[in-house]
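Structure, as C-alpha cells:
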Amino acid sequence: MNRAAVLFAASVALANGCNTTTPIVSGRVGASIAVLSSGAVVVVNPDQGSVSFLDPTTLATTQTIVVGGEPHALLELASGLVLVSTFRGGELVAIDPDSASIATRASVCNGPYGLAESPDGSFVAVTCEWDESVVRVDPATLATTTIGTGLNRPRAVIVTSTDVMVADYIGGMVHDFDASGTDHATSLVPTAASARPALTKMSANLASSIVSLGPRVYVAHVLENNTGDTSEAVADDYGTVTNTNPKINPIVTPAGAEPISYAKYDGGSRVYSGPSAMVSFGGHYLLVAHASTANVAVIDTSSGQAVGTYHVGFAPAGIAVDEAHHVAFVDNALDQSVSRITLDKPFDSSAPTYDADLTLVRPLASPYSPAALAGRRFFFDATNPHVTPAGVVVCASCHPNGTDDGLVWFEHTPNITLRRRRSKHLGNAKTPMAPFHWDGQFSTMSALAESTMTNLMGGDGLLVDVSTVQAFIDEIVQPPILPAADPAAVERGSALFSSMGCDACHATPNFTDDQLHAVLVPESSSPDDVFTAAKTPGLRGIFLSAPYFHDGRAPDLDTVLHSAMGEASLLTDAQRSDVIAFLRSL
C-alpha cells in the first residue's frame with residue numbers, strides 16, 4: 001500500500017465498519033467567499049478585480065478594495081490579514097480588514113488559484129495552475145518555495161498536519177506531498193465496476209474542492225464517460241437521460257475509496273450539474289455548490305446520500321460556513337450576488353428543497369456588455385430544459401468558463417457521425433477566427449452553439465438566444481499567458497518558426513490563417529474519424545492545451561514538432577527546444 005493509500009485508510013476503514021480512526025487535522029482552506037473571525041463576510045469580484053466586505057445580516061456591501069488580476073480565492077490568515085490570489089495577476093495580495101487597505105503584495109507564480117493554510121499557521125500552500133505546481137508561501141513575507149511540480153492545472157489544495165494535498169483540476173489525480181516533498185499520487189477514477197455510472201471507462205476531471213471531515217479527505221469533481229468505440233450503443237444525445245447513467249456525473253470522492261454518486265436526473269430535487277465548491281459542517285455533512293444548476297446539495301457522509309438542496313443565485317462558486325450561527329454564505333459568481341442559507345433545516349433521504357433566506361446582488365459595474373454577460377449565462381445554465389432537458393450537460397461542461405476540460409471526447413449520436421474531438425480553449429474562437437470547429441464546419445458561433453445544443457445536449461432550442469455566445473467569447477474568454485522563462489530562447493524559436501514557414505499558416509495576430517489544409521496523417525487510433533482537411537488552429541495559450549491535434553494524438557509539444565509537416569520534423573534537439581519556448585510564450 002502506498003503512502004497516499006495509507007493516509008486515506010481511515011476512509012476505507014469507516015466504509016468497512018471500523019470507527020476507530022483518528023480525525024485528520026487540517027488548516028483553513030481558501031474559497032471565493034469567507035466568514036472572518038470578526039463575523040464580516042468577504043467575497044471576491046473577479047470581473048472587477050476587487051474584493052468586497054459585506055454585512056453578514058443584510059449582505060450589504062460595506063467596503064470594496066481593488067486588488068486587480070482576476071481574484072478567485074481568499075483566506076483569512078492567523079494574523080487576521082486576508083490573503084487573496086489574483087489568477088491573471090500572478091500575485092498574492094494581503095488585505096488589512098481593519099483599515100480596509102492593502103498591507104502587502106507579491107508576485108508568486110503564474111496562475112495562482114487555490115489557497116490553504118497549515119494547521120499551525122506557519123505557511124500557506126498555493127496552487128499555480130499555469131505553472132502546474134504548488135508552492136509554499138511565508139504568510140509574513142510572502143516569500144515562496146516550491147513544494148511540487150508536474151501537476152495538471154491544479155486548483156484545489158489542503159494542508160494537513162503532515163502533508164500538502166492537491167487535486168488536479170484536469171486529469172483526476174490527487175497529489176500527496178510529504179514533508180520531504182515526495183509526491184504520492186492516487187487517482188479519483190473508481191476501481192469497482194459498480195461505481196461506474198456510465199457505459200465504459202470513466203475519466204475523473206474538474207476537481208474543484210478538497211476538504212477534510214473527520215477521518216476522511218473528500219474531493220468534489222466529475223466523472224465523465226468521454227471514451228468509447230464503434231461497438232458502443234449510439235446515445236440519443238448526452239443530455240436527455242432520466243435517472244440512468246448520464247455521460248457527466250457530479251461526484252464526491254473520499255480519496256482512495258469509492259465515490260458518492262448523489263445526483264438523480266429524474267426531474268426531482270436531486271438534479272445537480274457542475275460541482276464548483278465544497279465545505280463541511282455539523283461533523284458529518286458536506287455542502288456542495290453547483291455552478292450550472294444554481295443549487296447547493298447537502299450530503300450526509302454517514303449515509304452517502306444527498307439529504308437536502310438549497311436554491312441559491314446563479315453559478316455559485318464558493319461557500320463559507322459560520323458554524324457558531326448555523327448559517328452558510330454562498331458566492332453566486334456570475335450574477336454577483338451572495339446568498340445566506342440556514343443550516344438547521346430537517347434533512348432526510350428525500351432531499352427536500354429550500355430557498356436561500358436572503359440573496360443580494362452587489363452594486364458593481366460590469367466591464368462587459370449585456371450581450372457578453374447573457375452569453376456567459378447561456379454557457380453555464382443547465383436549468384433551461386430547452387437547452388439541456390435533464391440538466392446533465394451544458395457548454396461549460398466541456399469548456400469550463402470558456403476554457404477546455406483537457407479531454408478528447410468520443411461523440412456519436414443519431415445526428416453526429418462517430419468522431420473523436422479534443423475540447424478547445426475558446427480563447428481561440430474569436431469572431432475574426434471563423435469558421436469554427438476542427439473541420440471548419442460552422443461559419444458562425446451561433447450555428448455551432450445551436451448545433452451543439454440540439455444534436456449533442458438534447459435541447460430543442462425553443463426561445464433560446466444563441467447569438468450572445470460570440471460576445472461572451474470575444475469579451476470575456478481569454479487564453480492563458482505564460483511569461484517567458486528564457487527570452488533569448490523565445491527569440492531564437494520565433495526566428496525558426498518564421499524561417500521554416502510555420503507562420504504562413506499560423507499567422508499573427510492569432511497564429512492561424514483560418515483556412516482548411518489537408519495536412520493530417522491518418523492514425524490507426526482513430527480510423528473511423530479521418531479528416532480530409534483541418535482548420536489551422538490558433539496557438540494562443542497552447543502551452544496549457546495538451547494533448548494536441550483534433551484526436552489528442554500528440555501528448556506534448558515535442559511530439560507535435562516531431563510529427564509536424566515541412567522542415568519542423570528536421571529540427572535538432574536544441575532548435576526544437578527553442579521553438580517550444582516560443583510556442584509556450586504565445
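Order determines the names: the first chain of the C-alpha cells is A, the second B, and so forth; residues in each chain are numbered 1 upward, and ligands are numbered 1 upward as they are shown.
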
Check region 417-582 of chain A with DSSP on the backbone and list each residue it calls alpha helix (DSSP H), as number ranges by chain. A: 445-455, 469-475, 487-499, 557-563, 573-582

Neighbour list for Ala100 (chain A) as a PyMOL selection string, cut-off 9 Å, only C-alpha atoms, skip fewer than 6 positions in-chain: chain A and resi 53+63-65

Val42 (chain A) proximity check over A:Ala320, A:Ile147, A:Met500, A:Leu115, using only C-alpha atoms: winner is A:Ala320

Go through A:Ser52, A:Ser203, A:Ser563, A:Thr572 and flag the residue nearest Thr191 (chain A), using only C-alpha atoms for the distances. A:Ser203

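Here CA of Gly493 (chain A) stands at a distance of 21.6 Å from CA of Asn110 (chain A).
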
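Atom to atom, CA of Glu450 (chain A) and CA of Ala471 (chain A) stand 15.1 Å apart.
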
Residues at most 9 Å from Leu54 (chain A), counting only C-alpha atoms, excluding those fewer than 3 positions away in the same chain, as a compact mmCIF listing (two decimals) with C-alpha atoms, in the first residue's frame?
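Contents of the output file part20.txt:
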```txt
# COMPACT_ATOMS: atom_id res chain seq x y z
CA ALA A 40 -17.85 40.02 8.47
CA VAL A 41 -18.26 38.30 5.11
CA VAL A 42 -15.71 38.91 2.36
CA VAL A 43 -16.05 37.87 -1.29
CA THR A 57 -27.06 40.26 8.43
CA THR A 58 -28.08 42.43 5.49
CA LEU A 59 -25.42 41.30 2.96
CA ALA A 60 -24.95 44.97 2.10
CA THR A 61 -21.50 45.97 0.84
CA THR A 62 -19.53 47.91 3.44
CA GLN A 63 -16.22 48.25 1.58
```

Contacts of Tyr368 (chain A) within 9 Å, only C-alpha atoms, excl. fewer than 6 positions in-chain, as an MDAnalysis selection string: chainID A and resid 47 472 475:476

Expected file: the selected residues, C-alpha atoms, as a PDB file, in the first residue's frame:
```
ATOM      1  CA  ASP A  47     -14.826  40.637 -13.233  1.00  0.00           C
ATOM      2  CA  PHE A 472     -19.052  36.121 -24.319  1.00  0.00           C
ATOM      3  CA  GLU A 475     -15.076  39.906 -24.448  1.00  0.00           C
ATOM      4  CA  ILE A 476     -14.635  37.550 -21.518  1.00  0.00           C
TER       5      ILE A 476
END
```
